[in-house]
Structures are given as structure tokens and as C-alpha cells.
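Heads up, query37.txt below (compact mmCIF, C-alpha atoms):
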```txt
# COMPACT_ATOMS: atom_id res chain seq x y z
CA MET A 1 -19.56 0.25 4.74
CA ASN A 2 -19.04 -2.35 7.44
CA GLY A 3 -16.89 -5.42 6.84
CA ASN A 4 -16.14 -8.56 8.80
CA ASP A 5 -13.15 -8.48 11.14
CA ARG A 6 -11.11 -11.64 11.65
CA VAL A 7 -7.73 -12.72 12.99
CA ILE A 8 -5.86 -15.89 12.07
CA THR A 9 -2.86 -17.25 13.95
CA ILE A 10 0.09 -19.06 12.39
CA GLU A 11 2.50 -20.88 14.67
CA ASN A 12 6.20 -20.93 13.73
CA PRO A 13 5.88 -18.89 10.51
CA PRO A 14 8.73 -18.86 7.98
CA PRO A 15 11.79 -16.69 8.82
CA LEU A 16 11.87 -13.08 7.69
CA THR A 17 14.07 -11.96 4.81
CA GLY A 18 16.44 -10.17 7.21
CA GLY A 19 16.94 -13.33 9.25
CA GLY A 20 14.58 -12.47 12.11
CA ARG A 21 11.98 -14.89 13.37
CA LEU A 22 8.53 -14.68 14.91
CA ASP A 23 7.41 -17.54 17.14
CA ARG A 24 3.80 -16.72 16.42
CA LEU A 25 2.13 -14.63 13.75
CA GLU A 26 -1.28 -13.04 14.03
CA ILE A 27 -2.84 -11.61 10.88
CA ALA A 28 -5.71 -9.18 11.38
CA PHE A 29 -7.85 -8.68 8.29
CA ARG A 30 -11.23 -7.43 7.17
CA THR A 31 -13.45 -8.74 4.37
CA TRP A 32 -16.42 -7.52 2.37
CA GLY A 33 -18.66 -9.62 0.14
CA ARG A 34 -18.60 -13.38 -0.30
CA LEU A 35 -16.09 -15.72 -1.87
CA ASP A 36 -17.77 -17.41 -4.82
CA ALA A 37 -17.94 -21.16 -5.34
CA GLY A 38 -14.81 -21.22 -7.48
CA ALA A 39 -12.88 -18.85 -5.19
CA ALA A 40 -12.33 -16.72 -8.30
CA ASN A 41 -13.60 -13.29 -7.20
CA ALA A 42 -11.08 -12.33 -4.50
CA VAL A 43 -9.51 -8.87 -4.47
CA LEU A 44 -6.60 -8.02 -2.17
CA VAL A 45 -6.01 -4.43 -1.05
CA CYS A 46 -2.49 -3.64 0.19
CA PRO A 47 -2.30 -0.80 2.73
CA ALA A 48 -0.17 2.33 2.52
CA LEU A 49 2.25 3.42 5.27
CA THR A 50 -0.32 4.43 7.87
CA GLY A 51 -3.26 2.63 6.28
CA ASP A 52 -4.83 -0.49 7.72
CA ARG A 53 -7.54 -3.08 7.14
CA HIS A 54 -10.31 -0.50 7.62
CA LEU A 55 -10.83 0.53 3.99
CA GLU A 56 -14.13 2.13 4.96
CA ARG A 57 -12.12 4.76 6.85
CA TRP A 58 -9.35 5.68 4.42
CA TRP A 59 -10.54 4.52 0.95
CA PRO A 60 -14.34 4.76 1.16
CA GLY A 61 -14.57 6.29 -2.31
CA LEU A 62 -13.38 3.02 -3.85
CA LEU A 63 -15.47 0.69 -1.69
CA GLY A 64 -19.15 -0.03 -2.31
CA PRO A 65 -21.70 -1.17 -4.90
CA GLY A 66 -20.75 -0.03 -8.40
CA ARG A 67 -17.29 1.09 -7.30
CA SER A 68 -13.82 -0.34 -7.89
CA LEU A 69 -14.13 -2.60 -4.87
CA ASP A 70 -17.67 -3.89 -5.13
CA PRO A 71 -18.84 -6.30 -2.40
CA ASN A 72 -21.75 -7.37 -4.60
CA THR A 73 -19.33 -9.03 -7.02
CA ASP A 74 -15.96 -9.13 -5.22
CA PHE A 75 -14.66 -10.82 -2.11
CA ILE A 76 -12.48 -7.99 -0.82
CA VAL A 77 -9.65 -8.68 1.62
CA ALA A 78 -7.53 -6.09 3.43
CA ALA A 79 -5.02 -7.00 6.14
CA ASP A 80 -2.99 -4.88 8.53
CA ALA A 81 0.67 -4.81 7.54
CA LEU A 82 3.28 -6.96 9.23
CA GLY A 83 5.25 -4.76 11.63
CA GLY A 84 2.65 -2.01 11.53
CA SER A 85 0.51 -0.48 14.22
CA GLY A 86 -2.63 -2.54 13.60
CA GLY A 87 -3.81 -5.98 14.59
CA THR A 88 -1.20 -7.94 12.61
CA THR A 89 1.89 -8.81 14.64
CA GLY A 90 4.08 -5.77 15.21
CA PRO A 91 6.18 -3.98 17.83
CA ALA A 92 3.21 -3.21 20.09
CA HIS A 93 2.26 -6.89 20.31
CA ARG A 94 3.42 -8.91 23.26
CA ARG A 95 6.22 -11.40 23.21
CA GLY A 96 5.97 -13.16 26.51
CA LEU A 97 5.16 -10.74 29.31
CA ARG A 98 5.98 -7.50 27.49
CA PRO A 99 5.60 -5.92 24.07
CA TRP A 100 8.20 -6.54 21.39
CA GLY A 101 9.04 -2.84 21.16
CA GLU A 102 12.54 -2.22 19.84
CA ARG A 103 13.20 -5.98 19.85
CA PHE A 104 10.83 -6.42 16.92
CA PRO A 105 12.86 -7.56 13.89
CA GLN A 106 13.25 -5.67 10.67
CA VAL A 107 10.65 -6.46 8.03
CA SER A 108 10.60 -5.97 4.27
CA VAL A 109 8.01 -5.46 1.57
CA ARG A 110 8.70 -9.07 0.59
CA ASP A 111 7.86 -10.17 4.14
CA MET A 112 4.58 -8.24 3.99
CA VAL A 113 3.64 -10.02 0.78
CA ALA A 114 4.66 -13.38 2.24
CA VAL A 115 2.25 -12.78 5.14
CA GLN A 116 -0.54 -11.81 2.72
CA ARG A 117 0.11 -15.02 0.80
CA LEU A 118 -0.21 -17.04 4.00
CA LEU A 119 -3.54 -15.31 4.56
CA ILE A 120 -5.02 -16.00 1.14
CA ASP A 121 -3.81 -19.60 1.34
CA ALA A 122 -5.63 -19.95 4.66
CA LEU A 123 -8.77 -18.52 3.04
CA GLY A 124 -8.63 -21.10 0.24
CA ILE A 125 -7.86 -18.55 -2.49
CA ARG A 126 -5.60 -19.87 -5.22
CA ARG A 127 -5.75 -16.89 -7.57
CA LEU A 128 -6.59 -13.25 -6.93
CA LYS A 129 -8.74 -11.38 -9.42
CA LEU A 130 -7.04 -8.10 -8.53
CA VAL A 131 -4.30 -6.86 -6.22
CA ILE A 132 -4.37 -3.10 -5.65
CA GLY A 133 -2.42 -0.63 -3.53
CA ALA A 134 -0.87 2.83 -3.43
CA SER A 135 2.52 4.09 -2.21
CA LEU A 136 3.83 1.39 0.18
CA GLY A 137 0.76 -0.60 -0.89
CA GLY A 138 1.83 -0.19 -4.52
CA MET A 139 5.27 -1.56 -3.64
CA GLN A 140 3.53 -4.64 -2.26
CA VAL A 141 1.50 -5.03 -5.46
CA LEU A 142 4.69 -4.92 -7.52
CA GLU A 143 6.25 -7.56 -5.29
CA TRP A 144 3.17 -9.75 -5.76
CA GLN A 145 3.59 -9.50 -9.53
CA VAL A 146 7.24 -10.51 -9.47
CA ALA A 147 7.16 -13.11 -6.68
CA HIS A 148 3.76 -14.73 -7.35
CA PRO A 149 2.63 -13.93 -10.92
CA ASP A 150 0.67 -17.17 -11.08
CA ARG A 151 -1.45 -16.11 -8.13
CA LEU A 152 -3.05 -12.99 -9.61
CA GLU A 153 -5.02 -12.07 -12.68
CA SER A 154 -4.58 -8.29 -12.65
CA ALA A 155 -2.81 -5.58 -10.68
CA ALA A 156 -3.24 -1.85 -10.03
CA VAL A 157 -0.10 -0.05 -8.88
CA ILE A 158 -0.69 3.52 -7.71
CA ALA A 159 2.02 6.13 -7.03
CA ALA A 160 4.83 3.64 -6.38
CA PRO A 161 8.32 3.02 -7.82
CA ALA A 162 10.20 -0.14 -8.77
CA ARG A 163 12.71 0.63 -6.04
CA GLN A 164 13.04 3.24 -3.34
CA THR A 165 14.53 6.52 -4.55
CA ALA A 166 17.36 8.46 -2.91
CA TRP A 167 14.99 11.42 -2.44
CA ALA A 168 12.37 9.39 -0.60
CA SER A 169 15.01 7.59 1.45
CA ALA A 170 16.55 10.91 2.49
CA LEU A 171 13.16 12.16 3.67
CA ASN A 172 12.76 8.98 5.71
CA HIS A 173 16.22 9.53 7.19
CA ALA A 174 15.17 12.97 8.42
CA GLN A 175 12.09 11.40 10.02
CA ARG A 176 14.24 8.77 11.73
CA ARG A 177 16.45 11.48 13.17
CA ALA A 178 13.40 13.22 14.60
CA LEU A 179 12.46 9.94 16.29
CA ALA A 180 15.96 8.91 17.38
CA GLU A 181 17.16 12.28 18.67
CA HIS A 182 13.91 13.70 20.04
CA GLY A 183 11.44 10.83 20.23
CA ASP A 184 9.15 13.09 18.22
CA LEU A 185 6.69 11.18 16.03
CA GLU A 186 4.77 14.43 15.43
CA LEU A 187 7.83 16.07 13.85
CA ALA A 188 8.50 12.98 11.76
CA ARG A 189 4.95 13.12 10.44
CA MET A 190 5.28 16.82 9.60
CA ILE A 191 8.34 16.07 7.47
CA ALA A 192 6.41 13.34 5.69
CA MET A 193 3.37 15.54 5.10
CA LEU A 194 5.47 18.10 3.25
CA SER A 195 6.52 15.37 0.81
CA TYR A 196 2.93 14.19 0.39
CA ARG A 197 1.63 17.53 -0.86
CA HIS A 198 2.61 19.83 -3.70
CA TRP A 199 3.66 23.38 -2.85
CA ASP A 200 0.97 24.80 -5.15
CA ASN A 201 -1.65 22.95 -3.13
CA LEU A 202 -0.40 24.39 0.16
CA ASP A 203 -0.08 27.88 -1.28
CA GLY A 204 -3.60 27.67 -2.62
CA ARG A 205 -4.97 26.55 0.75
CA PHE A 206 -2.92 28.62 3.17
CA GLY A 207 -1.12 31.32 1.16
CA PRO A 208 -1.67 35.07 1.65
CA ASP A 209 -4.35 35.19 -1.04
CA SER A 210 -6.21 32.06 0.08
CA GLY A 211 -8.55 33.80 2.53
CA ASN A 212 -8.02 30.88 4.89
CA GLU A 213 -7.63 31.77 8.55
CA ARG A 214 -5.82 28.49 9.15
CA SER A 215 -2.08 28.27 8.55
CA ALA A 216 0.16 25.64 7.02
CA GLN A 217 1.88 25.41 10.39
CA GLY A 218 -1.42 24.60 12.11
CA TRP A 219 -2.19 22.03 9.42
CA LEU A 220 1.14 20.31 10.09
CA ASP A 221 0.57 20.38 13.85
CA HIS A 222 -2.83 18.76 13.38
CA HIS A 223 -1.47 15.88 11.30
CA GLY A 224 1.43 15.35 13.68
CA ARG A 225 -0.86 15.08 16.71
CA ALA A 226 -3.31 12.83 14.86
CA LEU A 227 -0.63 10.27 14.00
CA ARG A 228 0.90 10.29 17.49
CA GLN A 229 -2.48 9.37 18.93
CA ARG A 230 -2.94 6.29 16.74
CA PHE A 231 0.45 4.95 15.62
CA ASP A 232 3.31 3.20 17.35
CA PRO A 233 6.65 4.97 16.70
CA VAL A 234 8.62 1.72 16.43
CA SER A 235 6.13 0.48 13.84
CA TYR A 236 6.56 3.74 11.94
CA ARG A 237 10.32 3.18 11.78
CA ARG A 238 9.97 -0.46 10.76
CA LEU A 239 7.65 0.43 7.88
CA MET A 240 9.89 3.28 6.72
CA ASP A 241 12.82 0.86 6.78
CA ALA A 242 10.79 -1.57 4.66
CA MET A 243 10.12 1.17 2.11
CA ASP A 244 13.80 2.11 1.99
CA GLY A 245 14.71 -1.53 1.37
CA HIS A 246 12.19 -1.87 -1.47
CA ASP A 247 13.93 -2.97 -4.67
CA LEU A 248 12.22 -5.39 -7.04
CA GLY A 249 15.58 -6.22 -8.58
CA ARG A 250 17.46 -7.25 -5.45
CA GLY A 251 18.64 -10.82 -6.01
CA ARG A 252 16.82 -10.83 -9.37
CA TRP A 253 19.43 -9.29 -11.69
CA GLY A 254 17.93 -5.80 -11.52
CA TRP A 255 14.35 -4.55 -11.45
CA ARG A 256 13.98 -4.29 -15.23
CA LYS A 257 14.83 -7.96 -15.71
CA ALA A 258 12.56 -8.85 -12.78
CA VAL A 259 9.47 -7.12 -14.18
CA ARG A 260 9.96 -8.18 -17.80
CA GLY A 261 8.77 -11.62 -16.80
CA VAL A 262 5.51 -10.31 -15.36
CA ASP A 263 2.57 -11.72 -17.32
CA VAL A 264 -0.26 -9.96 -15.49
CA ARG A 265 -2.67 -7.28 -16.71
CA THR A 266 -1.26 -4.20 -15.03
CA LEU A 267 -2.50 -0.68 -14.50
CA ILE A 268 0.13 1.87 -13.46
CA VAL A 269 -1.41 5.04 -12.02
CA GLY A 270 0.76 8.12 -11.59
CA ILE A 271 -0.09 11.45 -10.03
CA ARG A 272 1.03 14.43 -12.09
CA SER A 273 1.82 16.60 -9.06
CA ASP A 274 3.49 13.87 -6.98
CA LEU A 275 6.73 15.14 -5.41
CA LEU A 276 7.53 11.93 -3.52
CA TYR A 277 7.20 9.41 -6.38
CA PRO A 278 6.90 11.60 -9.48
CA PRO A 279 5.42 10.46 -12.81
CA ARG A 280 8.84 9.43 -14.16
CA ASP A 281 8.81 6.52 -11.67
CA GLN A 282 5.52 5.17 -13.00
CA GLN A 283 6.48 5.81 -16.62
CA ALA A 284 9.67 3.77 -16.15
CA LEU A 285 7.62 0.84 -14.85
CA ALA A 286 5.05 1.05 -17.63
CA GLU A 287 7.75 1.01 -20.30
CA VAL A 288 9.14 -2.32 -19.06
CA ILE A 289 6.21 -4.32 -17.64
CA PRO A 290 4.49 -6.32 -20.40
CA HIS A 291 0.75 -5.70 -20.78
CA ALA A 292 0.99 -2.54 -18.67
CA GLN A 293 -1.12 0.52 -19.30
CA THR A 294 -0.81 3.91 -17.68
CA ALA A 295 -3.34 6.34 -16.30
CA TRP A 296 -2.65 9.76 -14.86
CA LEU A 297 -4.45 11.34 -11.94
CA ASP A 298 -4.37 15.04 -12.79
CA ALA A 299 -4.68 16.44 -9.29
CA THR A 300 -3.04 19.34 -7.52
CA GLN A 301 -2.56 17.80 -4.09
CA GLY A 302 0.58 15.75 -4.76
CA HIS A 303 1.21 12.21 -3.52
CA ASP A 304 -1.80 12.30 -1.20
CA ALA A 305 -4.15 12.69 -4.16
CA PHE A 306 -4.78 8.93 -4.06
CA LEU A 307 -6.48 9.56 -0.71
CA ILE A 308 -8.12 12.88 -1.60
CA GLU A 309 -9.34 12.50 -5.19
CA GLN A 310 -11.03 9.17 -4.56
CA ASP A 311 -13.92 9.63 -6.97
CA ARG A 312 -11.53 10.33 -9.84
CA LEU A 313 -9.28 7.45 -8.89
CA ASP A 314 -12.32 5.18 -8.63
CA ARG A 315 -13.31 5.99 -12.21
CA ILE A 316 -9.82 5.09 -13.41
CA ILE A 317 -9.79 1.76 -11.59
CA CYS A 318 -13.36 0.93 -12.67
CA GLY A 319 -12.43 1.54 -16.29
CA PHE A 320 -9.42 -0.75 -16.01
CA ARG A 321 -11.47 -3.49 -14.40
CA ARG A 322 -14.19 -3.30 -17.06
CA GLU A 323 -11.56 -3.51 -19.80
CA ALA A 324 -9.80 -6.42 -18.07
CA ALA A 325 -13.12 -8.26 -17.69
CA GLY A 326 -13.90 -7.70 -21.37
CA GLN A 327 -10.50 -9.08 -22.45
CA ALA A 328 -10.97 -12.14 -20.24
CA THR A 329 -14.39 -12.76 -21.79
CA LEU A 330 -12.94 -12.54 -25.29
CA GLN A 331 -10.16 -14.98 -24.42
CA GLU A 332 -12.65 -17.44 -22.96
CA ALA A 333 -14.85 -17.20 -26.07
CA SER A 334 -11.91 -17.86 -28.41
CA ALA A 335 -10.50 -20.72 -26.34
```
Can you dump the structure from the file as C-alpha cells?
Amino acid sequence: MNGNDRVITIENPPPLTGGGRLDRLEIAFRTWGRLDAGAANAVLVCPALTGDRHLERWWPGLLGPGRSLDPNTDFIVAADALGGSGGTTGPAHRRGLRPWGERFPQVSVRDMVAVQRLLIDALGIRRLKLVIGASLGGMQVLEWQVAHPDRLESAAVIAAPARQTAWASALNHAQRRALAEHGDLELARMIAMLSYRHWDNLDGRFGPDSGNERSAQGWLDHHGRALRQRFDPVSYRRLMDAMDGHDLGRGRWGWRKAVRGVDVRTLIVGIRSDLLYPPRDQQALAEVIPHAQTAWLDATQGHDAFLIEQDRLDRIICGFRREAAGQATLQEASA
């Protein structure tokens, strides 16, 4: 489903949380549907690590008439992440006569959300009907809830924790070593892919009884080559660093205190087979966030199930949105 591509430019944007500065910020985004007269139907989609504004490519099962992200009723906005490999300002963008490259400053999840807020302000959107994202995108949704609870009506957090775990950070460290010591983005991606899938899923696909002529090694090689062809390695490091710095509680007296003040209808979706951010991470969030409800994606693939089992995920999100709409109608009727 085609959307509308746009870029806005912001001169002298606010400083980044790490102290770095950008003289000029470009935000590349894509929209579907129309903003209604009251600017009350906007939905923001936050991208995962290697996701981008092109939802039609990586989340098509959630986008379309009658689906979670319905352009007939919603004004859907998706922007490339700050520091990423897309059209929003990042290491591959020029500063003066040459690309930023390694000079590009560190960014955080909070910086990504600050850029998204600049975007929705520029679009004239005061309040978002829904903010949704998975993995790194889910971290951004959580930050939206804590930093700007007055700007959103509901939130869907998929396969994300309140703060980065030691396990996930260690996996990112191994990927950084592959990049620093060997300049090998393909190897870094292979390490990541092993954390995105469950061993049962790989055994079922490539094990000795699978009947599959392909091998797990060939599968890893394929994904490594595919990422190298489309992603900037400096951007990959910057986004991994942002994930490792993710902590809702930093400067807020701990993440539990930070999320207790969230007054937003919240759906927390966990994946039963997730090895990267296992169900305990989502359960911990759901136990503390007021008005939160949980849903479980019973899939065998692991963390990547949010990209693979899109029809099932779509049904979960649609159900949440119908329930949220019903509650809002009841509140309006009793007001």
C-alpha cells in the first residue's frame, strides 16, 4: 500500500541528550490516510532497529483497510529513526562537503522520541490516538508514555523492556567487536539473527529431520549480505548504542516510579518464545503500568515473530483498538 513521502527540515534543533548537536535536522517520514478536521486520528509507528518509514515493506500485515493501521480511519505516520540509515539525519548524511560518518554524535531513545515530537508538532498534531512499536520501536513507545503522556491516548508496546538487559547488551557488544575489529557488518547481523530466533524454530527449519536442503549457515549468510547492502555500519552502531542506553528510570528515580505515573491505555505484547526480550520483561511492565493489559503472541520463531506472524499480531492490536474505542465512547457518554 503506497503512502506519501515527505521530508521536513529543522534548523538548529535542540541539543541531544549526550551533549552532541546537529546544525540541521532532516526528518524523512511517510503517511497514509488523511488527518481529520480535529487532528484527532493520528497514529505514530516507531521503527525497530533496521526498520524504516516504509511500513508497506516490513509491516504490511498491519497496514490496510480493516487492519490495525487503517488509512480509511487513521492518519498514519512513520518516520526514519534519528541516526539510522534512512532519510532522517544520520551518519551517511553530509555535514559540509562530506558525510558525518564516525563524527556523528551518539543518540538515545529519548532523542528519537524528541525528533518524533518535533515532527508531529510540525504536522499540527496535538494528541496521538495511538503510538505503536516493537523492539527498539517499543522502547520508543515507552519513552513517549513517560515523557509525553499528555500527547497520546493509547500505546502498544511489543517485545520491549523497561530498560536494556545485560543479555541484550552483551549480544550488542559482540556485534560491535565484529564491526570494530573486522569491519564486518555481515557477521554482526549473524550474531543478532541468532538472538532473534528460537532454537526450536531453527531446528525445525534446518535440522536433520527438516527435509530442507538449505542450512542454518546459509540462512545466516543471506541475512548478513542483505543488511550489508542496505544499512550503514555507523548507523547500526549508533542505534545499538541507543538500545543499550535505554532505561526509562534514568534521572526519574527508577523505571518503576517512572511508569507508575503513566495514565495511558496500554497494551503490552510479549512473545512466548522470545530469547532476546523474554516474557518476563513484558510481565514486569504490565504489573506496574496503570491501565495496562497484556497479550501473548504464541509463536515459535522468537523475537522476530512480530515481523513473521503479522496476521496474528494484527488481530491482537485490532482487538485492543476496538476495546479502547469502546471505552472512550462510554466515557464520552457518561461525561
Distance in Å - atom CA of A:Ala168 versus atom CA of A:Ile289:
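Answer for the atom CA of A:Ala168 to atom CA of A:Ile289 separation: 22.7 Å.
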Can you pull out the residues contacting A:Arg127? Cut-off 9 Å, using all atoms listed in the file, and skip same-chain residues under 4 positions away; I want them as an NGL selection string.
:A and (39-42 or 120 or 150-153)
Find the spatial neighbours of A:Gln106, counting only C-alpha atoms, within a cut-off of 8 Å - ignore same-chain residues fewer than 3 positions away - and output them as a list of chain:residue names.
A:Gly18, A:Gly20, A:Arg238, A:Asp241, A:Ala242
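You can rank A:Glu143, A:Glu181, A:Glu26, A:Glu213 by their closest distance to A:Arg94 using all atoms listed in the file, and at the top of that list sits A:Glu26.
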At a cut-off of 8 Å, using all atoms listed in the file, what residues contact A:Ala155? Leave out same-chain residues fewer than 4 positions from it and give the result as JSON, numbers by chain.
{"A": [130, 131, 132, 141, 145, 264, 265, 266, 267]}
Taken to one decimal, the atom CA of A:Val109-atom CA of A:His246 distance is 6.3 Å
Residues near A:Val262, cut-off 10 Å, all atoms listed in the file, skip fewer than 2 positions along chain, as a JSON list (two decimals) with C-alpha atoms, in the frame of the given file:
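The result, stored in part_8.json:
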```json
[["chain", "number", "residue", "atom", "x", "y", "z"],
["A", 142, "LEU", "CA", 4.69, -4.92, -7.52],
["A", 144, "TRP", "CA", 3.17, -9.75, -5.76],
["A", 145, "GLN", "CA", 3.59, -9.50, -9.53],
["A", 146, "VAL", "CA", 7.24, -10.51, -9.47],
["A", 147, "ALA", "CA", 7.16, -13.11, -6.68],
["A", 148, "HIS", "CA", 3.76, -14.73, -7.35],
["A", 149, "PRO", "CA", 2.63, -13.93, -10.92],
["A", 150, "ASP", "CA", 0.67, -17.17, -11.08],
["A", 257, "LYS", "CA", 14.83, -7.96, -15.71],
["A", 258, "ALA", "CA", 12.56, -8.85, -12.78],
["A", 259, "VAL", "CA", 9.47, -7.12, -14.18],
["A", 260, "ARG", "CA", 9.96, -8.18, -17.80],
["A", 264, "VAL", "CA", -0.26, -9.96, -15.49],
["A", 265, "ARG", "CA", -2.67, -7.28, -16.71],
["A", 266, "THR", "CA", -1.26, -4.20, -15.03],
["A", 288, "VAL", "CA", 9.14, -2.32, -19.06],
["A", 289, "ILE", "CA", 6.21, -4.32, -17.64],
["A", 290, "PRO", "CA", 4.49, -6.32, -20.40],
["A", 291, "HIS", "CA", 0.75, -5.70, -20.78],
["A", 292, "ALA", "CA", 0.99, -2.54, -18.67]]
```
Write out as an NGL selection string the residues lying within 12 Å of A:Pro279, counting all atoms listed in the file and excluding same-chain residues fewer than 6 positions away.
:A and (158-161 or 268-273 or 285-286 or 294-298 or 302-303)
Go through A:Gly133, A:Gly124, A:Gly19, A:Pro105 and flag the residue nearest A:Val157, using all atoms listed in the file for the distances.
A:Gly133
Rank nothing, just name the residue among A:His182, A:Glu323, A:Ala174, A:Val107 nearest to A:Arg21, using all atoms listed in the file.
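Closest to A:Arg21, using all atoms listed in the file: A:Val107.
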Which residue of A:Arg256, A:Arg321, A:Arg250, A:Arg228 approaches A:Arg110 most closely, using all atoms listed in the file
A:Arg250
Could you tell me how far atom CA of A:Gln116 sits from atom CA of A:Phe29, in Å to one decimal place?
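Going from atom CA of A:Phe29 over to atom CA of A:Gln116 covers 9.7 Å.
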Smallest atom-to-atom distance to A:Gln229: which of A:Ser85, A:Leu35, A:Ala122, A:Phe320, using only C-alpha atoms?
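Looking only at the distances to A:Gln229, the closest residue turns out to be A:Ser85.
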Nearest to A:Ser108 among A:Leu128, A:Leu248, A:Met190, A:Ala226, with distances taken over all atoms listed in the file: which residue is it?
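Looking only at the distances to A:Ser108, the closest residue turns out to be A:Leu248.
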Considering all atoms listed in the file, tabulate each residue of stretch 213-313 of chain A that lies at most 9 Å from stretch 43-57 of chain A along with its nearest interatomic pair and the corresponding distance in Å to one decimal; arrange the rows by chain and ascending residue number and present them as JSON lines.
```
{"residue": "A:Leu227", "atom": "CA", "partner": "A:Thr50", "partner_atom": "CA", "distance": 8.5}
{"residue": "A:Phe231", "atom": "CA", "partner": "A:Thr50", "partner_atom": "CA", "distance": 7.8}
{"residue": "A:Tyr236", "atom": "CA", "partner": "A:Leu49", "partner_atom": "CA", "distance": 7.9}
{"residue": "A:Leu239", "atom": "CA", "partner": "A:Leu49", "partner_atom": "CA", "distance": 6.7}
{"residue": "A:Met240", "atom": "CA", "partner": "A:Leu49", "partner_atom": "CA", "distance": 7.8}
{"residue": "A:Met243", "atom": "CA", "partner": "A:Leu49", "partner_atom": "CA", "distance": 8.8}
```
